[in-house]
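Undergrad: Enclosed is the structure file run_31.cif (mmCIF, C-alpha atoms).
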data_work
#
loop_
_atom_site.label_atom_id
_atom_site.label_comp_id
_atom_site.auth_asym_id
_atom_site.auth_seq_id
_atom_site.Cartn_x
_atom_site.Cartn_y
_atom_site.Cartn_z
CA MET A 15 -239.51 106.69 115.25
CA ASP A 16 -237.24 104.19 117.01
CA PRO A 17 -236.90 105.22 120.66
CA ALA A 18 -234.27 102.60 121.43
CA LEU A 19 -231.11 104.05 119.91
CA ARG A 20 -228.17 102.98 122.06
CA ALA A 21 -225.98 105.91 123.11
CA ALA A 22 -222.64 106.16 124.89
CA VAL A 23 -220.58 109.07 126.17
CA ILE A 24 -216.80 109.14 125.93
CA GLY A 25 -215.58 111.62 128.52
CA ALA A 26 -218.21 111.90 131.24
CA GLY A 27 -217.23 115.25 132.73
CA LYS A 28 -219.46 118.32 132.90
CA ILE A 29 -220.08 118.50 129.14
CA GLY A 30 -220.50 114.75 128.87
CA ARG A 31 -223.18 114.83 131.58
CA HIS A 32 -225.16 117.32 129.49
CA HIS A 33 -224.91 115.03 126.48
CA ALA A 34 -226.16 112.10 128.57
CA LYS A 35 -229.10 114.18 129.82
CA TRP A 36 -230.20 115.22 126.34
CA TYR A 37 -229.81 111.70 124.94
CA HIS A 38 -232.02 110.45 127.75
CA ARG A 39 -234.65 113.12 127.09
CA ALA A 40 -234.51 112.34 123.36
CA GLY A 41 -235.56 108.77 124.09
CA CYS A 42 -232.17 107.07 123.70
CA THR A 43 -230.87 104.37 126.02
CA LEU A 44 -227.50 105.21 127.56
CA VAL A 45 -225.58 101.94 127.52
CA GLY A 46 -222.20 103.10 128.78
CA TYR A 47 -219.63 105.79 129.31
CA ALA A 48 -215.84 106.05 129.33
CA VAL A 49 -213.70 107.93 131.84
CA SER A 50 -209.97 108.40 132.34
CA SER A 51 -209.43 106.46 135.57
CA PRO A 52 -210.98 103.59 137.56
CA GLU A 53 -211.47 105.96 140.50
CA SER A 54 -213.85 108.17 138.53
CA VAL A 55 -216.16 105.42 137.20
CA ALA A 56 -218.52 105.49 140.19
CA THR A 57 -218.22 109.26 140.73
CA ARG A 58 -219.20 110.09 137.16
CA ALA A 59 -222.11 107.65 137.28
CA THR A 60 -223.50 109.37 140.36
CA GLU A 61 -223.16 112.78 138.73
CA MET A 62 -224.87 111.71 135.51
CA GLN A 63 -227.71 109.96 137.33
CA VAL A 64 -228.97 113.29 138.66
CA GLU A 65 -230.69 113.84 135.31
CA CYS A 66 -230.16 110.52 133.51
CA PRO A 67 -231.37 107.62 135.70
CA GLU A 68 -229.77 104.83 133.64
CA VAL A 69 -226.18 105.45 132.57
CA GLY A 70 -225.07 101.95 131.62
CA VAL A 71 -221.64 100.47 132.29
CA GLY A 72 -218.56 102.55 133.05
CA TYR A 73 -215.26 101.88 131.27
CA THR A 74 -211.73 103.21 131.15
CA ASP A 75 -211.07 101.50 127.81
CA ILE A 76 -212.93 103.11 124.90
CA GLY A 77 -212.47 100.10 122.63
CA ALA A 78 -213.97 97.80 125.24
CA LEU A 79 -216.97 100.10 125.65
CA LEU A 80 -217.60 100.09 121.90
CA ASP A 81 -217.07 96.35 121.45
CA GLU A 82 -219.05 95.17 124.46
CA GLN A 83 -221.96 97.64 124.48
CA ARG A 84 -222.20 98.13 120.70
CA PRO A 85 -223.80 101.59 120.79
CA ASP A 86 -225.48 103.12 117.75
CA LEU A 87 -223.97 106.52 118.52
CA VAL A 88 -221.39 108.08 120.80
CA SER A 89 -220.57 111.56 121.99
CA VAL A 90 -216.87 112.40 122.22
CA CYS A 91 -216.48 114.83 125.14
CA THR A 92 -212.85 114.24 126.07
CA PRO A 93 -210.26 117.04 126.11
CA ALA A 94 -209.85 118.28 122.54
CA GLU A 95 -206.43 116.71 121.99
CA HIS A 96 -208.00 113.26 122.48
CA HIS A 97 -210.94 113.77 120.10
CA TYR A 98 -209.20 112.19 117.12
CA ALA A 99 -208.32 108.86 118.73
CA ALA A 100 -211.74 108.41 120.34
CA ALA A 101 -213.71 109.40 117.25
CA ARG A 102 -211.65 107.17 115.00
CA LEU A 103 -212.18 104.13 117.22
CA ALA A 104 -215.93 104.66 116.92
CA LEU A 105 -216.02 105.38 113.19
CA GLU A 106 -213.89 102.30 112.47
CA ARG A 107 -216.64 100.24 114.09
CA GLY A 108 -219.43 101.95 112.17
CA VAL A 109 -220.66 103.89 115.21
CA ALA A 110 -222.07 107.35 114.53
CA VAL A 111 -220.11 110.12 116.28
CA LEU A 112 -221.10 113.49 117.73
CA CYS A 113 -217.82 115.19 118.62
CA GLU A 114 -217.49 118.20 120.87
CA LYS A 115 -215.82 121.26 119.36
CA PRO A 116 -213.25 121.53 117.94
CA LEU A 117 -213.32 118.42 115.77
CA VAL A 118 -209.68 117.71 116.73
CA TRP A 119 -206.82 119.65 118.26
CA SER A 120 -203.03 119.53 118.31
CA VAL A 121 -200.25 121.96 119.13
CA ASP A 122 -199.09 121.28 115.56
CA PRO A 123 -201.62 122.78 113.11
CA ALA A 124 -200.55 120.41 110.33
CA THR A 125 -201.33 117.43 112.56
CA ALA A 126 -204.74 118.86 113.44
CA ARG A 127 -205.58 119.41 109.78
CA ARG A 128 -204.44 115.91 108.84
CA GLU A 129 -206.38 114.22 111.65
CA ALA A 130 -209.57 116.18 110.93
CA ALA A 131 -209.37 115.36 107.22
CA ASP A 132 -208.83 111.70 108.09
CA LEU A 133 -211.97 111.57 110.25
CA VAL A 134 -214.06 113.21 107.53
CA ALA A 135 -212.70 110.83 104.88
CA LEU A 136 -213.37 107.79 107.09
CA SER A 137 -216.92 108.97 107.83
CA GLU A 138 -217.73 109.62 104.18
CA ALA A 139 -216.10 106.42 102.89
CA SER A 140 -218.04 104.27 105.37
CA SER A 141 -221.27 106.32 105.29
CA THR A 142 -221.01 106.57 109.09
CA PRO A 143 -222.40 109.88 110.36
CA LEU A 144 -219.91 112.29 111.92
CA ALA A 145 -221.29 115.42 113.57
CA VAL A 146 -219.60 118.25 115.47
CA ASN A 147 -221.29 120.00 118.35
CA LEU A 148 -221.03 123.52 116.94
CA GLN A 149 -224.41 124.27 118.44
CA TYR A 150 -224.31 128.04 117.92
CA THR A 151 -225.01 127.29 114.26
CA TYR A 152 -228.65 126.82 115.25
CA ALA A 153 -228.83 130.29 116.80
CA ALA A 154 -228.26 131.57 113.27
CA ASP A 155 -231.42 129.73 112.21
CA SER A 156 -233.33 131.56 114.94
CA TYR A 157 -231.78 134.85 113.82
CA ARG A 158 -233.36 134.46 110.40
CA GLU A 159 -236.76 133.98 112.08
CA LEU A 160 -236.39 137.32 113.87
CA VAL A 161 -234.59 139.40 111.26
CA ALA A 162 -235.11 139.67 107.53
CA PRO A 163 -231.47 139.87 106.39
CA ALA A 164 -230.58 141.25 102.99
CA ALA A 165 -230.14 138.77 100.14
CA ALA A 166 -226.64 140.10 99.53
CA PRO A 167 -225.22 141.09 102.95
CA ARG A 168 -222.00 143.07 103.23
CA ARG A 169 -221.05 142.87 106.90
CA CYS A 170 -221.11 140.18 109.58
CA GLU A 171 -220.41 140.87 113.24
CA VAL A 172 -220.03 138.44 116.14
CA VAL A 173 -219.07 139.30 119.73
CA LEU A 174 -218.75 136.56 122.35
CA GLU A 175 -217.51 137.17 125.89
CA SER A 176 -217.23 134.78 128.80
CA ARG A 177 -215.86 134.67 132.31
CA GLY A 178 -213.38 132.00 131.36
CA LYS A 179 -212.10 129.51 133.90
CA GLY A 180 -209.93 130.69 136.74
CA ALA A 181 -207.08 133.07 136.04
CA GLU A 182 -206.81 135.59 133.23
CA ARG A 183 -206.34 134.00 129.84
CA THR A 184 -204.19 134.86 126.86
CA PRO A 185 -205.79 135.93 123.55
CA ALA A 186 -204.95 132.49 122.10
CA GLU A 187 -206.61 130.71 125.04
CA VAL A 188 -209.71 132.89 124.75
CA TRP A 189 -209.88 132.13 121.03
CA MET A 190 -209.47 128.41 121.69
CA GLU A 191 -212.52 128.46 123.95
CA LEU A 192 -214.84 130.84 122.09
CA GLY A 193 -213.54 130.91 118.51
CA PRO A 194 -215.33 127.77 117.28
CA HIS A 195 -218.67 129.08 118.58
CA ALA A 196 -218.13 132.52 117.07
CA LEU A 197 -217.12 131.03 113.73
CA SER A 198 -220.12 128.71 113.73
CA LEU A 199 -222.34 131.78 114.08
CA ALA A 200 -220.63 133.48 111.14
CA PHE A 201 -220.86 130.37 108.96
CA GLY A 202 -224.43 129.77 110.11
CA LEU A 203 -225.46 133.31 109.20
CA LEU A 204 -223.89 132.89 105.76
CA PRO A 205 -224.59 129.36 104.48
CA GLY A 206 -222.83 128.66 101.23
CA TYR A 207 -220.14 131.28 101.84
CA GLU A 208 -216.48 130.29 101.97
CA LEU A 209 -213.72 131.83 104.06
CA ASP A 210 -210.90 133.54 102.17
CA LEU A 211 -207.98 132.31 104.30
CA ALA A 212 -205.64 134.91 102.80
CA SER A 213 -207.90 137.68 104.15
CA VAL A 214 -207.51 136.78 107.85
CA THR A 215 -206.28 139.60 110.09
CA VAL A 216 -205.97 139.66 113.88
CA GLU A 217 -205.70 142.26 116.62
CA THR A 218 -205.05 141.28 120.22
CA ALA A 219 -205.47 142.96 123.58
CA PRO A 220 -205.35 141.53 127.09
CA ARG A 221 -207.84 138.62 127.24
CA THR A 222 -209.18 139.54 123.78
CA ALA A 223 -208.81 138.36 120.18
CA LEU A 224 -210.37 140.28 117.30
CA ALA A 225 -210.38 138.48 113.95
CA GLY A 226 -211.30 139.96 110.61
CA PHE A 227 -211.79 138.03 107.39
CA ALA A 228 -213.79 137.90 104.18
CA LEU A 229 -216.42 135.35 103.25
CA ASP A 230 -217.22 134.86 99.58
CA GLY A 231 -220.68 133.74 98.52
CA PRO A 232 -222.91 133.57 95.49
CA GLU A 233 -224.39 137.03 96.11
CA SER A 234 -221.66 139.08 97.78
CA ARG A 235 -218.31 139.28 99.54
CA VAL A 236 -218.91 139.77 103.25
CA GLN A 237 -216.46 141.40 105.63
CA ALA A 238 -216.65 139.64 108.99
CA SER A 239 -215.55 140.90 112.39
CA VAL A 240 -215.36 138.36 115.21
CA ARG A 241 -214.35 139.43 118.72
CA CYS A 242 -213.86 136.97 121.56
CA GLY A 243 -213.01 138.13 125.04
CA GLN A 244 -212.73 137.16 128.67
CA VAL A 245 -214.46 139.57 131.07
CA MET A 246 -213.47 139.13 134.70
CA GLU A 247 -216.41 141.12 136.11
CA GLY A 248 -219.34 143.17 134.89
CA ASP A 249 -221.81 142.45 132.12
CA LEU A 250 -220.98 140.16 129.21
CA THR A 251 -221.54 141.19 125.60
CA ARG A 252 -222.84 138.47 123.31
CA CYS A 253 -224.35 139.55 120.03
CA PHE A 254 -224.30 138.70 116.33
CA GLY A 255 -225.88 139.65 113.06
CA LEU A 256 -225.60 140.99 109.52
CA ASP A 257 -225.35 144.56 108.27
CA GLY A 258 -225.76 146.08 111.72
CA GLN A 259 -228.95 144.17 112.56
CA LEU A 260 -227.64 142.57 115.74
CA VAL A 261 -229.41 140.30 118.22
CA ASP A 262 -228.28 139.88 121.81
CA TYR A 263 -227.75 136.33 123.04
CA ALA A 264 -228.12 134.98 126.58
CA GLY A 265 -228.51 131.56 128.15
CA ARG A 266 -230.34 130.99 131.46
CA ASN A 267 -232.98 128.88 133.17
CA ASN A 268 -236.61 129.65 132.40
CA ALA A 269 -239.42 129.67 134.96
CA ALA A 270 -239.69 125.88 134.73
CA GLY A 271 -235.98 125.46 135.52
CA ASP A 272 -234.93 124.43 132.01
CA PHE A 273 -231.85 126.06 130.53
CA CYS A 274 -232.86 127.97 127.40
CA THR A 275 -231.48 130.29 124.75
CA TYR A 276 -232.73 133.88 124.65
CA LEU A 277 -232.36 136.20 121.67
CA LYS A 278 -233.27 139.88 121.95
CA PHE A 279 -234.04 142.01 118.91
CA ALA A 280 -235.78 145.39 118.61
CA GLY A 281 -236.39 145.44 122.36
CA LEU A 282 -238.17 142.07 122.47
CA GLU A 283 -236.71 138.89 123.94
CA HIS A 284 -237.57 135.47 122.50
CA GLU A 285 -237.07 132.06 124.14
CA TYR A 286 -235.64 129.06 122.27
CA ALA A 287 -234.45 125.59 123.24
CA ASP A 288 -230.96 125.19 124.67
CA LEU A 289 -228.53 125.11 121.75
CA MET A 290 -226.85 121.90 122.90
CA ARG A 291 -230.26 120.28 123.18
CA SER A 292 -231.04 121.34 119.61
CA SER A 293 -227.72 119.93 118.40
CA ILE A 294 -228.24 116.54 120.04
CA GLU A 295 -231.90 116.28 119.05
CA ARG A 296 -231.03 116.99 115.41
CA PHE A 297 -228.30 114.34 115.45
CA VAL A 298 -230.62 111.73 116.99
CA ALA A 299 -233.41 112.61 114.57
CA ALA A 300 -231.06 112.15 111.60
CA LEU A 301 -230.04 108.70 112.84
CA ARG A 302 -233.71 107.79 113.13
CA GLY A 303 -234.17 108.61 109.48
CA GLU A 304 -235.97 111.89 110.04
CA SER A 305 -234.97 114.78 107.79
CA ARG A 306 -233.07 117.07 110.17
CA ARG A 307 -229.93 119.04 109.28
CA PHE A 308 -226.96 118.77 111.61
CA VAL A 309 -223.40 120.13 111.56
CA ASP A 310 -221.47 117.36 109.84
CA GLY A 311 -217.78 116.52 109.83
CA ARG A 312 -217.03 118.55 106.72
CA ALA A 313 -218.55 121.65 108.35
CA GLY A 314 -216.49 120.85 111.45
CA LEU A 315 -213.37 120.67 109.29
CA ARG A 316 -214.16 124.06 107.76
CA ASN A 317 -214.63 125.54 111.22
CA LEU A 318 -211.32 124.04 112.35
CA GLU A 319 -209.46 125.44 109.32
CA ALA A 320 -210.74 128.91 110.19
CA GLN A 321 -209.93 128.47 113.87
CA LEU A 322 -206.37 127.39 113.07
CA ALA A 323 -205.88 130.28 110.63
CA VAL A 324 -206.82 132.79 113.31
CA THR A 325 -204.79 130.98 115.98
CA GLU A 326 -201.68 131.09 113.79
CA ALA A 327 -202.28 134.79 113.11
CA ILE A 328 -202.57 135.45 116.86
CA HIS A 329 -199.23 133.75 117.50
CA ARG A 330 -197.57 135.73 114.70
CA SER A 331 -198.99 138.96 116.07
CA LEU A 332 -197.74 138.24 119.59
CA GLU A 333 -194.30 137.24 118.27
CA ARG A 334 -193.99 140.50 116.31
CA ARG A 335 -195.00 142.45 119.39
CA ALA A 336 -192.39 140.63 121.49
CA ASP A 337 -189.68 141.27 118.88
CA GLY A 338 -190.63 144.94 118.54
#
Can you give me the file's structure in the form of structure tokens?

TA:
Amino acid sequence: MDPALRAAVIGAGKIGRHHAKWYHRAGCTLVGYAVSSPESVATRATEMQVECPEVGVGYTDIGALLDEQRPDLVSVCTPAEHHYAAARLALERGVAVLCEKPLVWSVDPATARREAADLVALSEASSTPLAVNLQYTYAADSYRELVAPAAAPRRCEVVLESRGKGAERTPAEVWMELGPHALSLAFGLLPGYELDLASVTVETAPRTALAGFALDGPESRVQASVRCGQVMEGDLTRCFGLDGQLVDYAGRNNAAGDFCTYLKFAGLEHEYADLMRSSIERFVAALRGESRRFVDGRAGLRNLEAQLAVTEAIHRSLERRADG
């Protein structure tokens, strides 16, 4: 195992700091990071150094970071609308990319689809790894360890709630935040199944989006229900599973102070590694030549297609309600 993979982080905010931490703990050398303004170069370095002693050189120019530091891999943790430009700069240089969810974003769905397809094509044509940090996929792996799901399931259910950020959010905003994670759980629970885009239905309520759709697989057609919501106070509901066999999900620090994933089934709670940690460790392991599955660009494109289909259905639903 080569411990000296050179890593960089593009977008060194809160999420980027977590990526830097897990790269450091995975044995990578952080050689640089990119931020949006000269004023934030020193600030972000100080923040990252809390858990990653060496953070490399700070840049405001992504191209300069890539050309001068020549990393083996980068994480793209910018706002979603900037994912495409940053990821493409890296892929063009043969640098492996781990992109935060969603793979790309644009107010124009056609643009988002085109940009995502372009990144996947560039990755595959150049054999340069492209991964998407849809880390909830790995919770589905843990689900199968706890539950013995049927070979031909019929129903899939996912509920994800969060506090959100600040003021109350619209159903579309809630879906933008939580939808990719919820979809990654559904796809992770049903590997090999494909979404029937024509089957997508949506119901909305204040701070809530409920999506229904069918997934077709080799053994069955599964009806999926995915609810994402913002809860301003009180307990959060986070659960997922097949055919009514649901596990509860939570994330919190363990006794040692490490953030971990907890899944509860049949009254028993089980501790697993932080999902982001699992995602980054799998990506690093793959680049080292170890046989570890990660969520690749094509899976990220599939997730984005589903996210966009639901987003468009939400907007149509709200427009009909306004007209009625």

Undergrad: In Å to one decimal, how far is atom CA of Tyr152 of chain A from atom CA of Gly193 of chain A?

TA: 16.0 Å

Undergrad: Calculated over all atoms listed in the file, which of the candidates A:Ala26, A:Ala280, A:Leu112, A:Leu318 has the smallest distance to Tyr73 of chain A?

TA: A:Ala26

Undergrad: Tell me, in Å to one decimal, how far atom CA of Val261 of chain A is from atom CA of His284 of chain A.

TA: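 Rounded to one decimal, the two atoms are 10.4 Å apart.
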
Undergrad: Choose the residue, out of A:Arg252, A:Arg183, A:His38, A:His195, that has the smallest atom-to-atom separation from Glu68 of chain A; count only C-alpha atoms.

TA: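 For Glu68 of chain A, the nearest of the given residues is A:His38.
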
Undergrad: Compute the distance from (-234.2, 133.1, 115.8) to each atom, counting all atoms listed in the file, keep the residues with any atom at most 12 Å away, and return them as a PyMOL selection string; use the coordinates of the file.

TA: chain A and resi 150-163+202-203+254-255+260-263+275-279+282-287+289

Undergrad: Could you write out the selected residues, including C-alpha atoms, as a PDB file, keeping the file's coordinate frame?

TA:
ATOM      1  CA  TYR A 150    -224.310 128.040 117.920  1.00  0.00           C
ATOM      2  CA  THR A 151    -225.010 127.290 114.260  1.00  0.00           C
ATOM      3  CA  TYR A 152    -228.650 126.820 115.250  1.00  0.00           C
ATOM      4  CA  ALA A 153    -228.830 130.290 116.800  1.00  0.00           C
ATOM      5  CA  ALA A 154    -228.260 131.570 113.270  1.00  0.00           C
ATOM      6  CA  ASP A 155    -231.420 129.730 112.210  1.00  0.00           C
ATOM      7  CA  SER A 156    -233.330 131.560 114.940  1.00  0.00           C
ATOM      8  CA  TYR A 157    -231.780 134.850 113.820  1.00  0.00           C
ATOM      9  CA  ARG A 158    -233.360 134.460 110.400  1.00  0.00           C
ATOM     10  CA  GLU A 159    -236.760 133.980 112.080  1.00  0.00           C
ATOM     11  CA  LEU A 160    -236.390 137.320 113.870  1.00  0.00           C
ATOM     12  CA  VAL A 161    -234.590 139.400 111.260  1.00  0.00           C
ATOM     13  CA  ALA A 162    -235.110 139.670 107.530  1.00  0.00           C
ATOM     14  CA  PRO A 163    -231.470 139.870 106.390  1.00  0.00           C
ATOM     15  CA  GLY A 202    -224.430 129.770 110.110  1.00  0.00           C
ATOM     16  CA  LEU A 203    -225.460 133.310 109.200  1.00  0.00           C
ATOM     17  CA  PHE A 254    -224.300 138.700 116.330  1.00  0.00           C
ATOM     18  CA  GLY A 255    -225.880 139.650 113.060  1.00  0.00           C
ATOM     19  CA  LEU A 260    -227.640 142.570 115.740  1.00  0.00           C
ATOM     20  CA  VAL A 261    -229.410 140.300 118.220  1.00  0.00           C
ATOM     21  CA  ASP A 262    -228.280 139.880 121.810  1.00  0.00           C
ATOM     22  CA  TYR A 263    -227.750 136.330 123.040  1.00  0.00           C
ATOM     23  CA  THR A 275    -231.480 130.290 124.750  1.00  0.00           C
ATOM     24  CA  TYR A 276    -232.730 133.880 124.650  1.00  0.00           C
ATOM     25  CA  LEU A 277    -232.360 136.200 121.670  1.00  0.00           C
ATOM     26  CA  LYS A 278    -233.270 139.880 121.950  1.00  0.00           C
ATOM     27  CA  PHE A 279    -234.040 142.010 118.910  1.00  0.00           C
ATOM     28  CA  LEU A 282    -238.170 142.070 122.470  1.00  0.00           C
ATOM     29  CA  GLU A 283    -236.710 138.890 123.940  1.00  0.00           C
ATOM     30  CA  HIS A 284    -237.570 135.470 122.500  1.00  0.00           C
ATOM     31  CA  GLU A 285    -237.070 132.060 124.140  1.00  0.00           C
ATOM     32  CA  TYR A 286    -235.640 129.060 122.270  1.00  0.00           C
ATOM     33  CA  ALA A 287    -234.450 125.590 123.240  1.00  0.00           C
ATOM     34  CA  LEU A 289    -228.530 125.110 121.750  1.00  0.00           C
TER      35      LEU A 289
END

Undergrad: Just say which residues the PyMOL selection byres ((chain A and resi 115) around 7) picks in this file, as a compact mmCIF listing (two decimals) with C-alpha atoms, in the frame of the given file.

TA:
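Ended up saving to out.txt:
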# COMPACT_ATOMS: atom_id res chain seq x y z
CA CYS A 113 -217.82 115.19 118.62
CA GLU A 114 -217.49 118.20 120.87
CA PRO A 116 -213.25 121.53 117.94
CA LEU A 117 -213.32 118.42 115.77
CA VAL A 146 -219.60 118.25 115.47
CA ASN A 147 -221.29 120.00 118.35
CA LEU A 148 -221.03 123.52 116.94
CA PRO A 194 -215.33 127.77 117.28

Undergrad: Between atom CA of Ala327 of chain A and atom CA of Val214 of chain A, what is the distance in Å, rounded to a tenth?

TA: 7.7 Å

Undergrad: Between A:Gly180, A:Gly77, A:Gly41, A:Gly46, which residue has the minimum interatomic distance to Ala299 of chain A, considering all atoms listed in the file?

TA: A:Gly41

Undergrad: Could you give me, as an MDAnalysis selection string, the residues within 10 Å of Cys170 of chain A, counting all atoms listed in the file and dropping anything in the same chain fewer than 6 positions from it?

TA: chainID A and resid 199:201 203:204 226:229 236:240 254:260

Undergrad: Using all atoms listed in the file, determine which residues lie at most 9 Å from Gly311 of chain A, disregarding the query and same-chain residues fewer than 4 positions distant; provide the list as an mmCIF file with C-alpha atoms, keeping the file's coordinate frame.

TA:
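Written out: result_25.cif:
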data_model
loop_
_atom_site.group_PDB
_atom_site.id
_atom_site.type_symbol
_atom_site.label_atom_id
_atom_site.label_comp_id
_atom_site.auth_asym_id
_atom_site.auth_seq_id
_atom_site.Cartn_x
_atom_site.Cartn_y
_atom_site.Cartn_z
ATOM 1 C CA CYS A 113 -217.820 115.190 118.620
ATOM 2 C CA LEU A 117 -213.320 118.420 115.770
ATOM 3 C CA ALA A 130 -209.570 116.180 110.930
ATOM 4 C CA ALA A 131 -209.370 115.360 107.220
ATOM 5 C CA LEU A 133 -211.970 111.570 110.250
ATOM 6 C CA VAL A 134 -214.060 113.210 107.530
ATOM 7 C CA SER A 137 -216.920 108.970 107.830
ATOM 8 C CA GLU A 138 -217.730 109.620 104.180
ATOM 9 C CA PRO A 143 -222.400 109.880 110.360
ATOM 10 C CA LEU A 144 -219.910 112.290 111.920
ATOM 11 C CA ALA A 145 -221.290 115.420 113.570
ATOM 12 C CA VAL A 146 -219.600 118.250 115.470
ATOM 13 C CA LEU A 315 -213.370 120.670 109.290
ATOM 14 C CA ARG A 316 -214.160 124.060 107.760
#

Undergrad: Could you state which residues are captured by the PyMOL selection byres ((chain A and resi 30) around 10) in this file, as a list in words?

TA: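 For this structure, the PyMOL selection byres ((chain A and resi 30) around 10) resolves to Ala22, Val23, Ile24, Gly25, Ala26, Gly27, Lys28, Ile29, Arg31, His32, His33, Ala34, Lys35, Tyr47, Ala48, Arg58, Met62, Ser89, Val90, Cys91, Thr92 and Glu114 of chain A.
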
Undergrad: Keeping C-alpha atoms, export the residues of the selection given above as a compact mmCIF listing (two decimals), in the coordinates of the input.

TA:
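File part-v8.txt, as written:
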# COMPACT_ATOMS: atom_id res chain seq x y z
CA ALA A 22 -222.64 106.16 124.89
CA VAL A 23 -220.58 109.07 126.17
CA ILE A 24 -216.80 109.14 125.93
CA GLY A 25 -215.58 111.62 128.52
CA ALA A 26 -218.21 111.90 131.24
CA GLY A 27 -217.23 115.25 132.73
CA LYS A 28 -219.46 118.32 132.90
CA ILE A 29 -220.08 118.50 129.14
CA ARG A 31 -223.18 114.83 131.58
CA HIS A 32 -225.16 117.32 129.49
CA HIS A 33 -224.91 115.03 126.48
CA ALA A 34 -226.16 112.10 128.57
CA LYS A 35 -229.10 114.18 129.82
CA TYR A 47 -219.63 105.79 129.31
CA ALA A 48 -215.84 106.05 129.33
CA ARG A 58 -219.20 110.09 137.16
CA MET A 62 -224.87 111.71 135.51
CA SER A 89 -220.57 111.56 121.99
CA VAL A 90 -216.87 112.40 122.22
CA CYS A 91 -216.48 114.83 125.14
CA THR A 92 -212.85 114.24 126.07
CA GLU A 114 -217.49 118.20 120.87

Undergrad: Would you please work out which residue, of A:Glu175, A:Glu208, A:Glu61, A:Glu304, is nearest to Ala264 of chain A when using only C-alpha atoms?

TA: A:Glu175

Undergrad: Considering only C-alpha atoms, can you say which of A:Val111, A:Ala99, A:Ala124, A:Val64 comes closest to Phe308 of chain A?

TA: A:Val111

Undergrad: List as a compact mmCIF listing (two decimals) with C-alpha atoms, in the frame of the given file the protein and nucleic acid residues near Asp132 of chain A, meaning an atom at most 10 Å away when all atoms listed in the file are counted, but skip any in the same chain fewer than 6 places from it.

TA:
# COMPACT_ATOMS: atom_id res chain seq x y z
CA TYR A 98 -209.20 112.19 117.12
CA ARG A 102 -211.65 107.17 115.00
CA ALA A 126 -204.74 118.86 113.44
CA GLU A 138 -217.73 109.62 104.18

Undergrad: Quick check on the file I pasted: which residues fall under the PyMOL selection byres ((chain A and resi 329) around 12)? Write them as a list of chain:residue names.

TA: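 Checked against the file, the PyMOL selection byres ((chain A and resi 329) around 12) matches A:Val121, A:Thr184, A:Pro185, A:Ala186, A:Glu187, A:Trp189, A:Thr215, A:Val216, A:Glu217, A:Thr218, A:Ala223, A:Leu322, A:Ala323, A:Val324, A:Thr325, A:Glu326, A:Ala327, A:Ile328, A:Arg330, A:Ser331, A:Leu332, A:Glu333, A:Arg334, A:Arg335, A:Ala336.
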
Undergrad: Might you pull out every residue within 10 Å of Asp81 of chain A, with only C-alpha atoms counted and same-chain residues fewer than 4 positions away left off, and present them as an MDAnalysis selection string?

TA: chainID A and resid 76:77 85 104 107

Undergrad: Considering only C-alpha atoms, state which residue in the set A:Arg127, A:Ala164, A:Gln149, A:Ala56 is at the smallest distance from Arg296 of chain A.

TA: A:Gln149

Undergrad: So that I can check the surroundings of Leu174 of chain A, please list as a list in words every protein, DNA and RNA residue that reaches within 7 Å of it, counting only C-alpha atoms and ignoring chain neighbours fewer than 5 positions away.

TA: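 Listed by chain and then number, they are Leu192, Ala196, Arg241, Cys242, Gly243, Thr251, Arg252 and Cys253 of chain A.
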